[in-house]
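Here is the file upload.txt (compact mmCIF, C-alpha atoms and all ligand atoms).
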# COMPACT_ATOMS: atom_id res chain seq x y z
CA MET E 11 -73.03 -23.67 -53.16
CA GLU E 12 -70.41 -26.44 -53.14
CA GLY E 13 -67.48 -24.02 -52.54
CA VAL E 14 -69.26 -22.21 -49.72
CA ASP E 15 -70.04 -25.52 -48.00
CA ASN E 16 -66.36 -26.40 -48.24
CA ILE E 17 -65.28 -23.13 -46.68
CA VAL E 18 -67.71 -23.61 -43.84
CA SER E 19 -66.36 -27.07 -43.10
CA TYR E 20 -62.80 -25.76 -43.22
CA LEU E 21 -63.82 -23.07 -40.79
CA ILE E 22 -65.32 -25.60 -38.43
CA VAL E 23 -62.17 -27.73 -38.51
CA LEU E 24 -60.10 -24.59 -37.97
CA LEU E 25 -62.25 -23.58 -35.06
CA PHE E 26 -61.88 -27.00 -33.51
CA LEU E 27 -58.09 -26.91 -33.95
CA ALA E 28 -57.89 -23.44 -32.52
CA SER E 29 -59.92 -24.39 -29.47
CA PHE E 30 -57.67 -27.42 -28.96
CA ILE E 31 -54.55 -25.26 -29.09
CA MET E 32 -56.12 -22.70 -26.79
CA ASN E 33 -57.25 -25.20 -24.21
CA PHE E 34 -54.73 -28.02 -24.17
CA THR E 35 -51.34 -26.50 -24.99
CA ASP E 36 -49.12 -23.73 -23.64
CA ILE E 37 -48.84 -22.05 -27.01
CA PRO E 38 -51.13 -19.09 -26.17
CA GLN E 39 -49.09 -18.42 -23.03
CA ARG E 40 -45.89 -18.56 -25.04
CA ILE E 41 -47.29 -16.06 -27.47
CA GLN E 42 -48.42 -13.86 -24.62
CA LEU E 43 -44.99 -14.17 -23.00
CA GLN E 44 -43.51 -12.76 -26.21
CA ARG E 45 -46.08 -10.00 -26.38
CA TYR E 46 -45.67 -8.99 -22.74
CA SER E 47 -41.90 -9.19 -22.80
CA SER E 48 -41.73 -6.94 -25.84
CA PHE E 49 -44.08 -4.56 -24.04
CA VAL E 50 -41.76 -4.53 -21.01
CA ARG E 51 -38.73 -4.05 -23.24
CA ARG E 52 -40.24 -1.03 -24.90
CA ARG E 53 -40.92 0.52 -21.48
CA LEU E 54 -37.42 -0.44 -20.40
CA TYR E 55 -35.97 1.63 -23.23
CA GLN E 56 -37.98 4.52 -21.86
CA LEU E 57 -36.53 3.90 -18.39
CA GLU E 58 -33.02 3.73 -19.81
CA GLU E 59 -33.55 7.01 -21.57
CA LEU E 60 -34.68 8.53 -18.29
CA GLU E 61 -31.59 7.18 -16.59
CA VAL E 62 -29.25 8.52 -19.24
CA ASP E 63 -31.00 11.87 -19.00
CA ALA E 64 -30.76 11.87 -15.20
CA ARG E 65 -27.06 11.02 -15.33
CA ARG E 66 -26.46 13.78 -17.84
CA LYS E 67 -28.24 16.29 -15.61
CA ALA E 68 -26.32 15.16 -12.53
CA VAL E 69 -22.99 15.36 -14.35
CA SER E 70 -23.66 18.82 -15.77
CA TYR E 71 -24.87 20.02 -12.36
CA MET E 72 -21.69 18.79 -10.70
CA SER E 73 -19.42 20.22 -13.35
CA SER E 74 -21.20 23.57 -12.96
CA LEU E 75 -20.10 23.39 -9.33
CA GLY E 76 -16.52 22.78 -10.36
CA VAL E 77 -16.23 19.04 -9.69
CA SER E 78 -13.30 17.79 -11.74
CA GLU E 79 -14.47 14.30 -12.72
CA PRO E 80 -18.26 14.34 -12.28
CA ALA E 81 -18.93 11.11 -14.21
CA LYS E 82 -16.52 9.23 -11.99
CA VAL E 83 -18.05 10.74 -8.86
CA LEU E 84 -21.49 9.63 -10.04
CA GLU E 85 -20.26 6.12 -10.85
CA GLY E 86 -18.66 5.88 -7.43
CA PHE E 87 -21.97 6.72 -5.83
CA VAL E 88 -24.75 4.89 -7.69
CA ASN E 89 -23.88 1.32 -6.87
CA ASN E 90 -22.53 1.97 -3.41
CA PHE E 91 -23.89 3.33 -0.13
CA PHE E 92 -26.61 0.70 0.27
CA LEU E 93 -28.20 0.19 3.66
CA ILE E 94 -28.73 -3.31 5.07
CA ARG E 95 -31.86 -3.39 7.19
CA PRO E 96 -31.23 -4.42 10.79
CA VAL E 97 -32.65 -7.71 12.14
CA GLU E 98 -36.39 -7.23 12.60
CA LEU E 99 -37.06 -10.62 14.19
CA GLU E 100 -35.65 -9.22 17.42
CA PRO E 101 -37.38 -5.86 17.88
CA ILE E 102 -35.60 -4.81 21.07
CA ASP E 103 -33.65 -1.58 20.42
CA ILE E 104 -34.39 -1.85 16.69
CA ILE E 105 -35.00 1.91 16.50
CA ARG E 106 -31.60 2.56 18.03
CA ARG E 107 -30.00 0.20 15.56
CA TYR E 108 -31.88 1.76 12.64
CA LYS E 109 -30.94 5.22 13.77
CA HIS E 110 -27.32 4.20 14.14
CA LEU E 111 -27.20 2.68 10.64
CA ILE E 112 -29.01 5.63 9.03
CA ARG E 113 -26.67 8.14 10.67
CA THR E 114 -23.61 6.09 9.74
CA ARG E 115 -24.71 5.92 6.12
CA GLU E 116 -25.54 9.62 6.11
CA SER E 117 -22.16 10.58 7.44
CA SER E 118 -20.28 8.38 4.99
CA VAL E 119 -22.31 9.84 2.12
CA ARG E 120 -21.54 13.35 3.38
CA ASP E 121 -17.85 12.52 3.70
CA TYR E 122 -17.80 11.22 0.13
CA ILE E 123 -19.46 14.37 -1.17
CA ARG E 124 -17.30 16.64 0.93
CA THR E 125 -14.14 15.08 -0.47
CA VAL E 126 -15.25 15.50 -4.10
CA LEU E 127 -16.79 18.95 -3.70
CA GLY E 128 -14.20 20.55 -1.48
CA LYS E 129 -15.34 23.60 0.47
CA VAL E 130 -18.83 24.68 -0.60
CA GLU E 131 -21.97 25.99 1.04
CA ARG E 132 -23.82 23.34 2.98
CA SER E 133 -27.04 23.78 1.02
CA ILE E 134 -25.18 22.93 -2.20
CA GLN E 135 -23.62 19.92 -0.54
CA TYR E 136 -27.11 18.70 0.45
CA SER E 137 -28.42 19.26 -3.06
CA VAL E 138 -25.59 17.27 -4.63
CA GLU E 139 -26.33 14.49 -2.18
CA THR E 140 -29.99 14.44 -3.21
CA VAL E 141 -29.18 14.54 -6.91
CA LEU E 142 -26.87 11.54 -6.54
CA GLU E 143 -29.50 9.70 -4.48
CA VAL E 144 -32.13 10.32 -7.16
CA VAL E 145 -29.87 8.99 -9.91
CA SER E 146 -29.14 5.88 -7.88
CA VAL E 147 -32.88 5.30 -7.25
CA ILE E 148 -33.52 5.47 -11.00
CA ARG E 149 -30.59 3.12 -11.57
CA LEU E 150 -32.03 0.70 -8.99
CA ILE E 151 -35.49 0.72 -10.59
CA ASN E 152 -33.89 -0.04 -13.95
CA LYS E 153 -31.84 -2.87 -12.55
CA LEU E 154 -34.85 -4.42 -10.80
CA VAL E 155 -37.08 -4.29 -13.88
CA ARG E 156 -34.36 -5.84 -16.02
CA HIS E 157 -33.79 -8.50 -13.36
CA TYR E 158 -37.41 -9.61 -13.29
CA LEU E 159 -37.71 -9.56 -17.07
CA GLU E 160 -34.62 -11.69 -17.54
CA LEU E 161 -35.64 -14.04 -14.76
CA GLY E 162 -39.08 -14.48 -16.32
CA LEU E 163 -37.65 -15.19 -19.75
CA LYS E 164 -34.99 -17.55 -18.43
CA TYR E 165 -37.50 -19.81 -16.69
CA ASN E 166 -40.40 -19.17 -19.05
CA ASN E 167 -42.24 -17.70 -16.10
CA TRP E 168 -44.98 -15.99 -18.05
CA ILE E 169 -46.86 -15.01 -14.91
CA LEU E 170 -43.86 -13.03 -13.70
CA VAL E 171 -43.43 -11.28 -17.04
CA MET E 172 -47.14 -10.57 -17.27
CA GLN E 173 -47.17 -9.11 -13.77
CA LEU E 174 -44.19 -6.96 -14.61
CA ALA E 175 -45.87 -5.76 -17.80
CA ILE E 176 -49.01 -4.81 -15.90
CA GLN E 177 -46.97 -2.84 -13.36
CA MET E 178 -44.79 -1.14 -15.96
CA PRO E 179 -46.92 1.99 -16.52
CA GLU E 180 -46.88 2.71 -12.79
CA ILE E 181 -43.11 2.10 -12.61
CA VAL E 182 -42.46 4.37 -15.60
CA GLU E 183 -44.60 7.09 -14.02
CA LEU E 184 -42.68 6.86 -10.74
CA THR E 185 -39.33 6.96 -12.54
CA LYS E 186 -40.50 9.99 -14.51
CA ALA E 187 -41.39 11.68 -11.23
CA TYR E 188 -37.89 11.04 -9.91
CA ALA E 189 -36.26 12.21 -13.13
CA ASN E 190 -38.44 15.31 -13.08
CA SER E 191 -37.43 16.12 -9.52
CA LEU E 192 -33.82 16.62 -10.65
CA ASN E 193 -34.78 19.92 -12.30
CA ALA E 194 -36.17 21.16 -9.02
CA PHE E 195 -33.23 19.91 -6.96
CA THR E 196 -30.52 21.30 -9.24
CA SER E 197 -32.12 24.73 -9.51
CA GLY E 198 -33.50 24.90 -5.97
CA ILE E 199 -37.23 25.15 -6.67
CA PRO E 200 -39.72 24.04 -3.99
CA ILE E 201 -41.46 20.72 -4.71
CA GLY E 202 -44.78 19.29 -3.52
CA ASP E 203 -43.08 17.67 -0.55
CA SER E 204 -41.93 21.14 0.54
CA VAL E 205 -45.40 22.13 1.81
CA GLY E 206 -44.44 21.26 5.41
CA PRO E 207 -41.36 23.55 5.48
CA LEU E 208 -43.35 26.17 3.52
CA VAL E 209 -46.07 26.27 6.21
CA ALA E 210 -43.36 26.50 8.87
CA LYS E 211 -41.83 29.43 6.99
CA MET E 212 -45.21 31.16 6.75
CA LEU E 213 -45.68 30.80 10.52
CA SER E 214 -42.27 32.37 11.10
CA LYS E 215 -43.32 35.33 8.88
CA TRP E 216 -40.45 34.44 6.52
CA GLY E 217 -37.96 35.42 9.19
CA GLU E 218 -34.52 34.11 10.00
CA PRO E 219 -34.04 31.06 12.24
CA LEU E 220 -33.18 31.54 15.88
CA ARG E 221 -30.60 28.77 15.88
CA GLU E 222 -29.77 25.30 14.54
CA VAL E 223 -31.05 22.71 17.04
CA VAL E 224 -29.45 19.65 15.47
CA GLU E 225 -27.43 19.34 12.26
CA GLY E 226 -29.44 20.69 9.34
CA THR E 227 -32.55 21.46 11.40
CA ASP E 228 -33.55 24.98 12.41
CA LEU E 229 -35.64 26.42 15.21
CA TYR E 230 -37.74 29.59 14.93
CA GLU E 231 -39.56 31.28 17.76
CA VAL E 232 -42.49 33.62 17.21
CA GLU E 233 -45.43 34.93 19.13
CA ILE E 234 -48.87 34.33 17.66
CA GLU E 235 -51.82 35.90 19.48
CA GLY E 236 -50.15 35.59 22.86
CA ARG E 237 -48.90 32.03 22.37
CA ARG E 238 -45.22 31.18 22.24
CA VAL E 239 -44.77 29.20 19.00
CA TYR E 240 -41.64 27.13 18.39
CA ILE E 241 -41.22 26.17 14.76
CA ILE E 242 -38.96 23.37 13.58
CA LYS E 243 -37.97 22.83 9.96
CA ALA E 244 -35.01 21.54 7.97
CA SER E 245 -32.39 24.18 7.10
CA GLY E 246 -32.75 25.40 3.54
CA PRO E 247 -32.65 26.36 0.80
CA GLY E 248 -30.74 23.25 -0.28
CA SER E 249 -32.48 19.89 -0.62
CA ASN E 250 -32.67 18.66 2.97
CA VAL E 251 -35.15 16.97 5.30
CA GLY E 252 -33.16 17.41 8.52
CA TRP E 253 -33.80 15.45 11.71
CA PRO E 254 -37.22 16.74 12.84
CA GLY E 255 -37.73 14.04 15.48
CA GLU E 256 -34.44 14.61 17.22
CA ALA E 257 -34.90 18.38 17.04
CA LEU E 258 -38.37 18.19 18.57
CA GLU E 259 -37.08 15.97 21.37
CA LYS E 260 -34.36 18.48 22.18
CA VAL E 261 -36.65 21.52 22.10
CA ILE E 262 -39.23 19.88 24.36
CA GLU E 263 -36.60 18.65 26.80
CA GLU E 264 -35.15 22.17 26.96
CA VAL E 265 -38.44 23.62 28.20
CA GLY E 266 -39.00 20.69 30.53
CA GLY E 267 -41.98 19.37 28.61
CA SER E 268 -44.21 22.33 29.35
CA VAL E 269 -45.75 22.49 25.89
CA ASP E 270 -49.50 22.56 25.28
CA ARG E 271 -49.50 20.93 21.89
CA ILE E 272 -47.33 19.55 19.09
CA ILE E 273 -48.51 20.05 15.53
CA THR E 274 -46.81 18.24 12.62
CA VAL E 275 -47.43 19.42 9.06
CA ASP E 276 -46.53 17.24 6.09
CA ALA E 277 -47.43 16.20 2.57
CA ALA E 278 -49.39 12.94 2.44
CA LEU E 279 -49.92 10.52 -0.42
CA LYS E 280 -53.47 10.87 -1.66
CA LEU E 281 -55.71 8.00 -2.63
CA GLU E 282 -56.59 7.85 -6.33
CA SER E 283 -60.13 8.97 -5.54
CA GLU E 284 -59.00 11.96 -3.51
CA GLU E 285 -58.52 15.45 -4.83
CA SER E 286 -54.93 16.73 -4.68
CA GLY E 287 -54.53 19.78 -2.49
CA GLU E 288 -57.02 18.53 0.09
CA VAL E 289 -56.05 19.57 3.61
CA ALA E 290 -56.94 17.18 6.42
CA TYR E 291 -56.56 17.37 10.17
CA GLY E 292 -55.92 14.40 12.44
CA THR E 293 -53.91 12.90 15.26
CA GLY E 294 -50.38 11.48 15.29
CA ALA E 295 -46.98 12.21 13.83
CA ALA E 296 -47.28 13.21 10.17
CA ILE E 297 -43.89 12.07 8.89
CA GLY E 298 -42.82 9.36 6.47
CA ASP E 299 -39.37 8.23 7.58
CA ILE E 300 -38.31 4.63 8.21
CA GLY E 301 -38.95 4.99 11.92
CA PRO E 302 -36.40 6.78 14.10
CA GLU E 303 -37.69 10.34 13.56
CA LYS E 304 -41.34 9.36 13.80
CA ILE E 305 -40.89 7.38 16.98
CA ALA E 306 -38.88 10.23 18.53
CA ILE E 307 -41.87 12.51 18.01
CA GLU E 308 -44.31 9.95 19.43
CA ARG E 309 -42.10 9.15 22.42
CA VAL E 310 -41.49 12.72 23.50
CA ALA E 311 -45.19 13.56 23.05
CA SER E 312 -46.30 10.61 25.16
CA LYS E 313 -43.55 11.12 27.75
CA TYR E 314 -45.01 14.52 28.70
CA SER E 315 -48.59 13.65 27.55
CA ILE E 316 -48.60 16.43 24.99
CA PRO E 317 -51.44 16.12 22.45
CA LEU E 318 -49.99 15.38 19.02
CA ASP E 319 -51.82 16.80 15.99
CA ALA E 320 -51.23 16.29 12.30
CA VAL E 321 -52.15 18.53 9.39
CA VAL E 322 -51.57 17.00 5.98
CA VAL E 323 -51.77 18.20 2.39
CA LYS E 324 -52.74 15.41 0.02
CA MET E 325 -50.97 14.91 -3.30
CA SER E 326 -49.77 12.21 -5.67
CA GLU E 327 -46.23 10.85 -5.70
CA MET E 328 -45.63 12.69 -8.98
CA GLU E 329 -46.74 15.99 -7.45
CA ALA E 330 -44.69 15.40 -4.30
CA LEU E 331 -41.53 15.23 -6.44
CA SER E 332 -42.38 17.91 -9.03
CA PRO E 333 -42.06 21.70 -8.71
CA LEU E 334 -44.80 23.07 -6.47
CA SER E 335 -48.01 23.82 -8.39
CA LYS E 336 -50.21 26.80 -7.63
CA LYS E 337 -52.94 24.45 -6.44
CA LEU E 338 -50.61 22.89 -3.86
CA TYR E 339 -49.32 26.30 -2.83
CA GLU E 340 -52.91 27.34 -2.13
CA ALA E 341 -53.31 24.10 -0.17
CA ALA E 342 -50.24 25.05 1.89
CA VAL E 343 -51.91 28.38 2.70
CA LYS E 344 -55.01 26.44 3.78
CA ALA E 345 -52.85 24.16 5.95
CA TYR E 346 -51.27 27.27 7.49
CA GLU E 347 -54.72 28.60 8.35
CA GLU E 348 -55.62 25.23 9.82
CA VAL E 349 -52.51 25.31 12.04
CA LEU E 350 -53.46 28.83 13.18
CA ARG E 351 -56.96 27.61 14.00
CA VAL E 352 -55.57 24.74 16.10
CA ILE E 353 -53.26 27.13 17.93
CA ARG E 354 -56.14 29.54 18.63
CA ASP E 355 -58.60 26.84 19.71
CA LYS E 356 -56.41 24.42 21.61
CA VAL E 357 -53.47 26.35 23.06
CA ARG E 358 -54.18 28.62 26.00
CA GLU E 359 -52.85 32.16 25.83
CA GLY E 360 -49.38 32.50 27.35
CA ASN E 361 -48.55 28.83 26.73
CA ARG E 362 -46.18 27.09 24.36
CA VAL E 363 -46.81 25.10 21.19
CA VAL E 364 -44.36 23.41 18.80
CA VAL E 365 -45.04 23.20 15.06
CA VAL E 366 -42.92 20.83 12.98
CA GLY E 367 -42.83 21.41 9.21
CA VAL E 368 -41.89 17.99 7.87
CA GLY E 369 -40.57 17.42 4.34
CA ASN E 370 -37.89 18.43 1.91
CA THR E 371 -37.05 22.10 2.26
CA VAL E 372 -35.57 22.59 -1.22
CA GLY E 373 -36.09 26.19 -2.30
CA VAL E 374 -37.28 27.26 1.14
CA ARG E 375 -34.67 28.95 3.34
CA MET F 105 -73.49 -16.00 -50.47
CA ASP F 106 -74.25 -18.28 -47.65
CA PRO F 107 -75.87 -16.28 -44.83
CA LEU F 108 -73.90 -18.25 -42.24
CA LEU F 109 -70.60 -17.32 -43.87
CA THR F 110 -71.64 -13.67 -44.20
CA ALA F 111 -72.59 -13.60 -40.55
CA LEU F 112 -69.25 -15.17 -39.59
CA LEU F 113 -67.33 -12.66 -41.69
CA ILE F 114 -69.22 -9.70 -40.25
CA LEU F 115 -68.70 -11.02 -36.75
CA SER F 116 -64.94 -11.42 -37.21
CA ALA F 117 -64.67 -7.97 -38.78
CA LEU F 118 -66.50 -6.53 -35.77
CA LEU F 119 -64.23 -8.38 -33.34
CA ILE F 120 -61.07 -7.09 -35.00
CA LEU F 121 -62.47 -3.57 -35.06
CA THR F 122 -63.29 -3.58 -31.35
CA THR F 123 -59.80 -4.79 -30.43
CA LEU F 124 -58.15 -2.14 -32.57
CA LEU F 125 -60.47 0.71 -31.60
CA PRO F 126 -58.71 1.87 -28.39
CA TRP F 127 -55.40 1.74 -30.19
CA ILE F 128 -56.66 3.91 -33.05
CA LEU F 129 -58.27 6.35 -30.60
CA ALA F 130 -55.00 6.75 -28.71
CA PHE F 131 -53.39 8.02 -31.90
CA THR F 132 -56.09 10.47 -32.84
CA ARG F 133 -56.55 12.17 -29.43
CA LYS F 134 -53.44 14.00 -28.29
CA PRO F 135 -53.83 17.03 -26.01
CA GLY F 136 -51.26 19.77 -26.49
CA PRO F 137 -48.93 20.52 -23.57
CA ALA F 138 -50.17 23.19 -21.16
CA ARG F 139 -48.15 26.38 -20.88
CA GLU F 140 -46.45 26.59 -17.50
CA GLU F 141 -44.54 29.38 -15.86
CA LEU F 142 -42.52 29.46 -12.67
CA VAL F 143 -43.26 32.55 -10.59
CA SER F 144 -41.99 34.09 -7.36
CA VAL F 145 -44.31 35.99 -5.02
CA LEU F 146 -42.66 38.94 -3.28
CA ARG F 147 -44.01 40.39 -0.07
CA CYS F 148 -43.11 43.55 1.81
CA SER F 149 -42.23 42.67 5.39
CA LYS F 150 -43.69 45.94 6.66
CA CYS F 151 -46.89 46.84 4.83
CA GLY F 152 -47.70 43.45 3.29
CA TYR F 153 -47.63 44.70 -0.31
CA GLU F 154 -47.36 41.74 -2.71
CA GLU F 155 -46.02 41.40 -6.19
CA ILE F 156 -45.75 38.43 -8.56
CA ARG F 157 -42.87 38.22 -10.97
CA LYS F 158 -41.10 35.60 -13.06
CA TYR F 159 -38.80 33.26 -11.16
CA ASN F 160 -35.15 34.31 -11.28
CA LYS F 161 -32.30 31.87 -10.93
CA GLY F 162 -31.18 31.74 -7.32
CA ASP F 163 -34.58 32.63 -5.87
CA TYR F 164 -35.75 30.82 -2.75
CA VAL F 165 -38.52 31.33 -0.24
CA GLY F 166 -37.20 33.70 2.43
CA ARG F 167 -34.72 35.44 0.12
CA PRO F 168 -34.57 39.21 0.59
CA VAL F 169 -34.99 40.95 -2.78
CA GLY F 170 -35.27 44.63 -3.59
CA SER F 171 -37.41 47.15 -1.81
CA CYS F 172 -41.11 47.90 -1.58
CA PRO F 173 -42.41 50.51 -4.08
CA ARG F 174 -44.78 51.85 -1.40
CA ASP F 175 -42.51 52.44 1.58
CA GLY F 176 -39.04 51.27 0.56
CA SER F 177 -38.89 48.43 3.10
CA ARG F 178 -37.23 45.10 2.46
CA MET F 179 -39.14 42.64 0.25
CA VAL F 180 -38.91 38.89 0.85
CA ILE F 181 -39.83 36.03 -1.46
CA LYS F 182 -42.92 34.49 0.06
CA ALA F 183 -43.63 31.70 -2.38
CA ILE F 184 -42.42 30.02 -5.55
CA TYR F 185 -44.79 27.94 -7.62
CA VAL F 186 -45.69 26.80 -11.12
CA GLU F 187 -48.60 28.62 -12.67
CA THR F 188 -50.44 26.86 -15.46
CA LEU F 189 -51.53 29.36 -18.06
CA PRO F 190 -54.49 28.86 -20.40
CA GLN F 191 -53.68 27.68 -23.92
CA GLY F 192 -52.78 30.20 -26.59
ZN ZN L 1 -44.09 48.04 1.90

Go through the file and emit its structure as structure tokens.
Ligand SMILES: [Zn+2]
Amino acid sequence: MEGVDNIVSYLIVLLFLASFIMNFTDIPQRIQLQRYSSFVRRRLYQLEELEVDARRKAVSYMSSLGVSEPAKVLEGFVNNFFLIRPVELEPIDIIRRYKHLIRTRESSVRDYIRTVLGKVERSIQYSVETVLEVVSVIRLINKLVRHYLELGLKYNNWILVMQLAIQMPEIVELTKAYANSLNAFTSGIPIGDSVGPLVAKMLSKWGEPLREVVEGTDLYEVEIEGRRVYIIKASGPGSNVGWPGEALEKVIEEVGGSVDRIITVDAALKLESEESGEVAYGTGAAIGDIGPEKIAIERVASKYSIPLDAVVVKMSEMEALSPLSKKLYEAAVKAYEEVLRVIRDKVREGNRVVVVGVGNTVGVR
Amino acid sequence: MDPLLTALLILSALLILTTLLPWILAFTRKPGPAREELVSVLRCSKCGYEEIRKYNKGDYVGRPVGSCPRDGSRMVIKAIYVETLPQG
């Protein structure tokens, strides 16, 4: 009985000490800092592996195209070509400034790629551009995670490290999605984000474009049940999103604004609780650019008071960047039927309607 | 043995078990990867005849490929997607 009593009193003292340490010192936080930072580090190795893998894929893709020093080309791209956001405090002409900066960056990227690739098909040029962009996004994610981890450890900021650790699974998932997309981009397979261009292609009965309205953006013209349907989509089958806003503006100006309806079709990010492949119908410009293209659509629609409809296919970020699944393909067919229904119900016979298939047209001519 | 001590020991054993349980479960449950196949859907531009075949390198939606077995018209790739096949 004596020994047991002793143990119990030891335990009580131990309990008291432990509660003191837990409540009145930073030791538990320090321990947690170590635990969380090692958690982040483990995930960081995973991210680094993804980056190495992405680089390897990009290099082998470029060397398959006959680029002489692909590693050097990649290195010259990843840390350059950043875009400094224009001043947002003064909103006057901000769209014009944004547009100007985006186009300037685009053209310097294209020049860079043109000089290293030499003369190749434009769709290949676009795909190389996307592959390099993807690698530099993965590089950026890696750099940011490392930055916050090192900052947190340097200043013993356990809240920062803890926050980072909690976000890590999401970050790893996103990076995986980007890394995964390289397979699709290098071999030219449609991805989830391609549902917009896919619907546009279905409407055109898989025909050839009438002409290129603006650089990298095609126009199709078909007749559906007595309605003149103009279809705008990025030029494929390389990875390309085109300039749908500018193209729409031009097409509508050309016909003097006599259009009954504008319908935009795009992939939309689903909420966690939503089913992927859901098709929804609403109002507005379904497009996810920084601003210039979206506002061009809104402005031209409101200038001529043309009703602006949106048909979206819901999916996760992972699905948007991965090769198109059968489920999402079926959703695209549903979206196509929805567009047909809108045309039948809301566009009078003999009138015009414009359908814009927004998204990356990789794998869709 | 002192009942208090026994109770304490059982309690701590239970606590440790509950903290380790999710970790142990994560190791035991591992679903096998699903079999996936990339396919191209071909469609005759005249009669609408459709055919599904394995994806070939260089395929894209809108690519003219071969001719229709029914009437010999041009076939066009209508869709490319990943089909998930049942296990086994
Ligand atoms: Zn046929």

### Message
Set the cut-off to 10 Å and count all atoms listed in the file: what are the residues of chain F that reach chain E? Output as an MDAnalysis selection string.
### Response
chainID F and resid 105:106 108:109 112 140:143 147 149 159 161:168 180:188

#### Entry: Cut-off 9 Å, only C-alpha atoms and all ligand atoms, neighbours of ligand ZN 1 (chain L) as a PyMOL selection string
chain F and resi 147-154+171-179

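The list of residues with at least one atom within 9 Å of Leu184 of chain E, based on only C-alpha atoms and without residues fewer than 4 positions apart in the same chain, reads Pro179, Glu180, Tyr188, Ala189, Glu327 and Met328 of chain E.
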
### Message
Which residues are near Phe91 of chain E? Cut-off 10 Å, all atoms listed in the file, ignore same chain within fewer than 6 positions. Put them as a PyMOL selection string.
### Response
chain E and resi 115-116+118-119+122+143+146

### Message
One number please: atom CA of Pro101 of chain E to atom CA of Thr293 of chain E, in Å, one decimal.
### Response
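For atom CA of Pro101 of chain E relative to atom CA of Thr293 of chain E, the distance reads 25.1 Å.
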
### Query
Could you pull the residues within 8 Å of Thr196 of chain E, counting only C-alpha atoms, minus those fewer than 3 positions along the same chain, as a list in words?
Tyr71, Ser137, Val138, Val141, Leu192 and Asn193 of chain E

### Pick from E:Asp319, E:Glu259, E:Asp203, E:Asp299 nearest to Asp276 of chain E, counting only C-alpha atoms
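Using only C-alpha atoms, the shortest distance to Asp276 of chain E belongs to E:Asp203.
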
### Message
Set the distance at 12 Å and use all atoms listed in the file: which residues neighbour Asp121 of chain E once local chain neighbours fewer than 6 positions away are removed? I'd like the list as an MDAnalysis selection string.
### Response
chainID E and resid 87 91 114:115 127:129 135:136 139

### Straight-line distance linking atom CA of Ile353 of chain E with atom CA of Met325 of chain E, stated in Å to one decimal
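The value is 24.6 Å.
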
So that I can see what lies close to segment 80-84 of chain E, please list as a short mmCIF file (atom, residue, chain, number, x, y, z; two decimals) with C-alpha atoms, keeping the file's coordinate frame the residues with an atom at most 8 Å from it, counting all atoms listed in the file and leaving out residues fewer than 4 positions away in the same chain.
data_model
loop_
_atom_site.label_atom_id
_atom_site.label_comp_id
_atom_site.auth_asym_id
_atom_site.auth_seq_id
_atom_site.Cartn_x
_atom_site.Cartn_y
_atom_site.Cartn_z
CA ARG E 65 -27.06 11.02 -15.33
CA ALA E 68 -26.32 15.16 -12.53
CA VAL E 69 -22.99 15.36 -14.35
CA SER E 70 -23.66 18.82 -15.77
CA MET E 72 -21.69 18.79 -10.70
CA SER E 73 -19.42 20.22 -13.35
CA VAL E 88 -24.75 4.89 -7.69
CA VAL E 126 -15.25 15.50 -4.10
CA LEU E 142 -26.87 11.54 -6.54
#

### Query
Which of these, F:Leu119, F:Val169, F:Leu189, F:Ala130, has the shortest distance to Val145 of chain F once you count only C-alpha atoms?
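Using only C-alpha atoms, the shortest distance to Val145 of chain F belongs to F:Val169.
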
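Atom CA of Lys304 of chain E sits 25.3 Å away from atom CA of Glu282 of chain E.
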
### Message
Taking (-36.6, 5.5, -21.3) in the coordinates of the supplied file, I want to know which residues reach to within 12 Å of it, counting all atoms listed in the file; could you give the answer as a PyMOL selection string?
### Response
chain E and resi 50-64+148-149+151-152+178-179+181-183+185-186+189

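Closest approach to Ser47 of chain E among E:Val239, E:Leu161, E:Ala320, E:Ala194: E:Leu161, based on only C-alpha atoms.
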
### Task
Give as a VMD selection string each residue that has an atom at most 8 Å from (-56.1, 22.1, -2.6) in the file, counting only C-alpha atoms.
chain E and resid 285 to 289 323 to 324 337 to 342 344
